[in-house]
Every structure is written in C-alpha cells, then in structure tokens.
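First comes the structure, then the notes that go with it.
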Amino acid sequence: MTPALIPTAPTPVPPYTAGAGIPAPALNAAQAAGWDRHEGASANVTYTSPDGRCVLQFGPETDRYHDDADRLWIAEYRPESGQPHAWAAHFGDHVPAEAIAAFVTALTDPAGIRGSQPGYGAGAGGRGAEEVFAAAEAHGWTRAVRTATYTGSHGTMHLSYDPAPPVIPGQFLTDGPHWRVSYLPEDLARDWTVQLTAHVPGEAIAAFLTALMDSTGLDPHRA
C-alpha cells in the first residue's frame with residue numbers, strides 16, 4: 001500500500017513580502033463595519049460607509065487599475081462641502097489584503113479615533129506624522145538623516161512623508177503633503193506602492209504598518 005502523503009505546512013514569510021492573497025480580508029472588514037456593498041457584472045466591488053462619505057473599492061476591472069497597477073484599491077473620505085480632513089489612499093496590486101483590512105478596521109473602530117465618530121473623519125491628529133514614525137520605529141525601522149524617510153529592517157520597504165502633493169492622475173485632492181509606503185525587492189517580484197494623502201488618520205496608517213510587520217507572517221500561497 002502506498003503511504004498517504006502528508007501535506008507540508010506552509011512556510012510563513014513577512015507579510016509585506018507575501019503578495020496580495022485574496023481580497024476577502026479587506027472587503028470583510030468593511031462589511032463587518034456595516035458598510036453597504038455595491039457590485040455589478042464586473043469584478044469591481046465598492047463598500048460605502050453608512051453616511052456615504054467614505055468608500056473602499058477593489059477595482060481589478062477599472063480603467064485606473066489598467067493604467068496604474070498601484071491603484072487596485074482606493075479608499076476615500078469626502079466630508080460635506082467646506083469641512084476639513086478629506087483624504088485618499090491608493091494601494092497597489094501586491095499589497096497584502098490583510099494589511100488593508102487592518103487599515104479599514106482602524107478607521108471603523110466603534111470607539112472612534114481621538115473622540116471622532118466615525119474615526120475616518122478624525123484627520124491626521126495633532127502630532128501628525130510623528131505618530132506614524134513612532135509606529136515605524138517600534139518595529140525597528142531606521143530613519144535617514146535629515147529626511148522623513150524610514151527604511152524597514154530588511155532594507156526593502158520604505159516609508160516617507162513628502163511635503164509635495166501625490167502625483168496620481170484623477171486624484172480629487174491636488175494639494176498638501178502625502179505618505180508613500182513601498183516594497184521594492186531586488187527582483188521586483190510582488191513589489192508594491194501605497195500613497196496616502198495628509199489627512200488619513202495616523203492610527204490607521206500605524207495599523208497598516210503593524211500588519212505588514214506581523215511576526216506570525218503570512219503564507220505566500222494562501223487562498
């Protein structure tokens with residue numbers, strides 16, 4: 001009798017190297033927050049907050065993604081006219097969905113952010129960039145001298161705060177600084193970029209970074 005094959009356990013890798021996986025973790029985070037789901041005949045899926053001001057879209061069949069692989073996912077907050085703290089975030093096609101889920105979960109925490117309900121309207125906070133840099137330092141990232149650029153412990157992931165506006169075609173926010181998080185392995189396999197405008201709550205960016213560095217890792221072949 002041929003002995004039964006025993007499947008080998010998956011070998012986890014640092015989450016930021018694990019690739020996108022399936023979109024379900026991020027979409028489920030929006031659904032768990034009570035957001036409304038919209039989808040058509042295409043594979044695009046959009047979740048909208050109950051107040052209609054914040055959206056998360058997975059857009060594999062959108063024109064924007066066909067033009068730019070760093071815009072598979074978008075999240076946007078558009079407050080009422082004249083109100084502050086509008087923001088946008090764009091996630092590339094190899095960003096782990098689990099990290100996007102952590103971002104969404106932080107934004108939709110029932111406890112809010114700094115007293116703001118809902119949390120996605122809280123803005124960057126009084127400490128601004130320093131909150132996010134503190135999260136990077138907590139994971140052993142190092143800051144370049146005289147610049148606001150942090151490099152991850154393996155030297156292939158970077159976090160920067162740029163005073164210039166992001167260069168994103170069709171972006172509804174055209175001024176102000178922005179964040180950029182990128183993973184650039186030498187072979188460019190599963191490389192990705194994330195851009196976030198200045199008023200994205202720092203707590204959500206910190207949650208995103210923490211998920212990327214989770215020591216338990218992720219299975220790169222997960223489905």
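Labels used: A, B, ... for chains in the order of the structure tokens, numbers from 1 for residues in each chain, and numbers from 1 for ligands as shown.
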
From chain A, collect each residue whose DSSP state is helix (DSSP H, G or I) and return the set as a count of residues only.
55

What's the 10 Å shell around Glu203 of chain A, counting only C-alpha atoms, without same-chain residues fewer than 5 positions away, as a list in words?
Phe103, Ala106, Leu107, Ile113, Arg114, Gly119, Tyr120, Ala122, Gly123, Ala124, Gly125, Glu131, Val132, Ala135, Phe208 and Leu209 of chain A

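By chain and then residue number, the residues within 8 Å of Asp36 of chain A are Gln31, Tyr47, Thr48, Ser49 and Pro50 of chain A, counting only C-alpha atoms and disregarding those fewer than 5 positions away in sequence.
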
Those same residues, written as a PDB file, in the first residue's frame with N, CA and C atoms?
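Output contents, as saved in result33.pdb:
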```
ATOM      1  N   GLN A  31     -17.397  45.137   5.460  1.00  0.00           N
ATOM      2  CA  GLN A  31     -18.718  44.558   5.705  1.00  0.00           C
ATOM      3  C   GLN A  31     -18.994  44.450   7.202  1.00  0.00           C
ATOM      4  N   TYR A  47     -17.495  49.297  -1.246  1.00  0.00           N
ATOM      5  CA  TYR A  47     -18.195  49.400   0.026  1.00  0.00           C
ATOM      6  C   TYR A  47     -18.291  50.872   0.398  1.00  0.00           C
ATOM      7  N   THR A  48     -19.462  51.294   0.855  1.00  0.00           N
ATOM      8  CA  THR A  48     -19.708  52.684   1.217  1.00  0.00           C
ATOM      9  C   THR A  48     -20.179  52.761   2.666  1.00  0.00           C
ATOM     10  N   SER A  49     -19.616  53.710   3.405  1.00  0.00           N
ATOM     11  CA  SER A  49     -19.988  53.886   4.807  1.00  0.00           C
ATOM     12  C   SER A  49     -21.443  54.316   4.921  1.00  0.00           C
ATOM     13  N   PRO A  50     -22.065  54.099   6.087  1.00  0.00           N
ATOM     14  CA  PRO A  50     -23.483  54.461   6.256  1.00  0.00           C
ATOM     15  C   PRO A  50     -23.782  55.930   5.978  1.00  0.00           C
TER      16      PRO A  50
END
```

Excluding Trp179 of chain A and residues on its chain fewer than 6 positions from it, collect all residues at most 12 Å away from it, counting only C-alpha atoms, and give them as an NGL selection string.
:A and (87-91 or 124 or 128-129 or 132-133 or 148-150 or 158-167 or 193-202 or 205-206)

Those same residues, written as a compact mmCIF listing (two decimals), in the first residue's frame with N, CA and C atoms?
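So selection15.txt came out as:
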```
# COMPACT_ATOMS: atom_id res chain seq x y z
N TRP A 87 -9.51 62.95 2.54
CA TRP A 87 -8.28 62.19 2.28
C TRP A 87 -8.53 61.09 1.25
N ALA A 88 -7.43 60.55 0.75
CA ALA A 88 -7.50 59.43 -0.19
C ALA A 88 -6.30 58.52 0.05
N ALA A 89 -6.49 57.23 -0.22
CA ALA A 89 -5.42 56.25 -0.09
C ALA A 89 -5.51 55.30 -1.29
N HIS A 90 -4.35 55.00 -1.87
CA HIS A 90 -4.29 54.12 -3.04
C HIS A 90 -3.30 52.98 -2.75
N PHE A 91 -3.74 51.75 -2.98
CA PHE A 91 -2.96 50.56 -2.65
C PHE A 91 -2.68 49.76 -3.91
N ALA A 124 -5.44 63.80 10.66
CA ALA A 124 -4.13 63.24 10.99
C ALA A 124 -3.82 63.30 12.47
N GLY A 128 0.44 64.63 13.98
CA GLY A 128 0.65 64.43 12.56
C GLY A 128 1.55 63.26 12.24
N ALA A 129 2.61 63.55 11.50
CA ALA A 129 3.50 62.49 11.00
C ALA A 129 4.20 61.74 12.12
N VAL A 132 2.95 58.25 13.09
CA VAL A 132 3.26 57.16 12.17
C VAL A 132 4.73 56.79 12.26
N PHE A 133 5.60 57.78 12.39
CA PHE A 133 7.03 57.48 12.51
C PHE A 133 7.30 56.69 13.79
N ALA A 148 12.58 62.68 5.99
CA ALA A 148 11.48 61.97 6.64
C ALA A 148 11.24 60.64 5.94
N THR A 149 12.30 59.85 5.78
CA THR A 149 12.20 58.55 5.13
C THR A 149 12.68 57.46 6.08
N TYR A 150 11.84 56.48 6.29
CA TYR A 150 12.20 55.34 7.12
C TYR A 150 12.39 54.12 6.24
N HIS A 158 10.01 50.90 2.49
CA HIS A 158 10.29 52.28 2.84
C HIS A 158 9.00 53.03 3.16
N LEU A 159 9.11 53.97 4.07
CA LEU A 159 8.02 54.86 4.45
C LEU A 159 8.54 56.28 4.37
N SER A 160 7.84 57.14 3.63
CA SER A 160 8.29 58.52 3.53
C SER A 160 7.10 59.47 3.63
N TYR A 161 7.40 60.67 4.10
CA TYR A 161 6.41 61.74 4.21
C TYR A 161 6.90 62.89 3.35
N ASP A 162 6.19 63.14 2.27
CA ASP A 162 6.64 64.10 1.26
C ASP A 162 5.79 65.37 1.35
N PRO A 163 6.42 66.54 1.46
CA PRO A 163 5.63 67.78 1.52
C PRO A 163 4.92 68.13 0.23
N ALA A 164 5.29 67.48 -0.87
CA ALA A 164 4.66 67.74 -2.17
C ALA A 164 3.39 66.91 -2.32
N PRO A 165 2.45 67.35 -3.15
CA PRO A 165 1.23 66.56 -3.39
C PRO A 165 1.57 65.25 -4.10
N PRO A 166 0.75 64.22 -3.94
CA PRO A 166 0.98 62.97 -4.68
C PRO A 166 0.67 63.17 -6.16
N VAL A 167 1.41 62.47 -6.98
CA VAL A 167 1.17 62.53 -8.42
C VAL A 167 0.30 61.32 -8.78
N THR A 193 3.34 49.69 -4.09
CA THR A 193 3.41 51.06 -3.58
C THR A 193 2.04 51.46 -3.05
N VAL A 194 2.06 52.22 -1.97
CA VAL A 194 0.84 52.78 -1.39
C VAL A 194 1.07 54.29 -1.24
N GLN A 195 0.05 55.07 -1.62
CA GLN A 195 0.10 56.51 -1.41
C GLN A 195 -1.12 56.95 -0.60
N LEU A 196 -0.87 57.79 0.41
CA LEU A 196 -1.94 58.25 1.29
C LEU A 196 -1.78 59.75 1.49
N THR A 197 -2.88 60.48 1.34
CA THR A 197 -2.80 61.93 1.49
C THR A 197 -2.75 62.31 2.97
N ALA A 198 -2.49 63.59 3.23
CA ALA A 198 -2.06 64.04 4.55
C ALA A 198 -3.06 63.81 5.68
N HIS A 199 -4.36 63.82 5.40
CA HIS A 199 -5.34 63.74 6.47
C HIS A 199 -5.83 62.33 6.78
N VAL A 200 -5.18 61.32 6.20
CA VAL A 200 -5.51 59.95 6.62
C VAL A 200 -5.14 59.83 8.11
N PRO A 201 -6.05 59.37 8.96
CA PRO A 201 -5.72 59.26 10.39
C PRO A 201 -4.46 58.43 10.62
N GLY A 202 -3.54 58.98 11.41
CA GLY A 202 -2.28 58.28 11.67
C GLY A 202 -2.49 56.92 12.30
N ILE A 205 -2.82 54.38 9.53
CA ILE A 205 -1.54 54.10 8.87
C ILE A 205 -0.68 53.23 9.78
N ALA A 206 -0.68 53.54 11.08
CA ALA A 206 0.09 52.74 12.03
C ALA A 206 -0.42 51.30 12.06
```

Write out as number ranges by chain the residues lying within 6 Å of segment 5-20 of chain A, counting only C-alpha atoms and excluding same-chain residues fewer than 2 positions away.
A: 94-97, 190, 212, 217-220

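Among A:Ser42, A:Pro110, A:Arg64, A:Gly155, the residue with the shortest atom-to-atom distance to Arg143 of chain A, counting only C-alpha atoms, is A:Gly155.
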
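The spacing separating atom CA of Leu184 of chain A from atom CA of Thr156 of chain A amounts to 5.3 Å.
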
Do a neighbour search on Ala33 of chain A at 7 Å with only C-alpha atoms, toss out local chain neighbours closer than 3 positions, and write the hits as a list of chain:residue names.
A:Ala29, A:Ala30, A:Thr108

Written selection (C-alpha atoms) as a compact mmCIF listing (two decimals), in the first residue's frame:
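Listing of again.txt after writing:
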```txt
# COMPACT_ATOMS: atom_id res chain seq x y z
CA ALA A 29 -13.51 44.36 7.28
CA ALA A 30 -15.75 46.91 5.56
CA THR A 108 -14.13 51.92 11.54
```

Which parts of segment 55-144 of chain A does DSSP call strand (DSSP E) when run on the backbone here, written out as a list in words?
Val55, Leu56, Gln57, Phe58, Trp73, Ile74, Ala75, Glu76, Tyr77, Trp87, Ala88, Ala89, His90, Phe91, Thr142 and Arg143 of chain A

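Across the model, the gap from atom CA of Pro185 of chain A to atom CA of Gln57 of chain A is 26.6 Å.
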
Please, what distance in Å, to one decimal, runs between atom CA of Pro177 of chain A and atom CA of Phe58 of chain A?
24.6 Å

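With only C-alpha atoms as the basis for measurement, A:Gly92 is the residue among A:Gly115, A:Gly92, A:Pro79, A:Gly21 that approaches Asp67 of chain A most closely.
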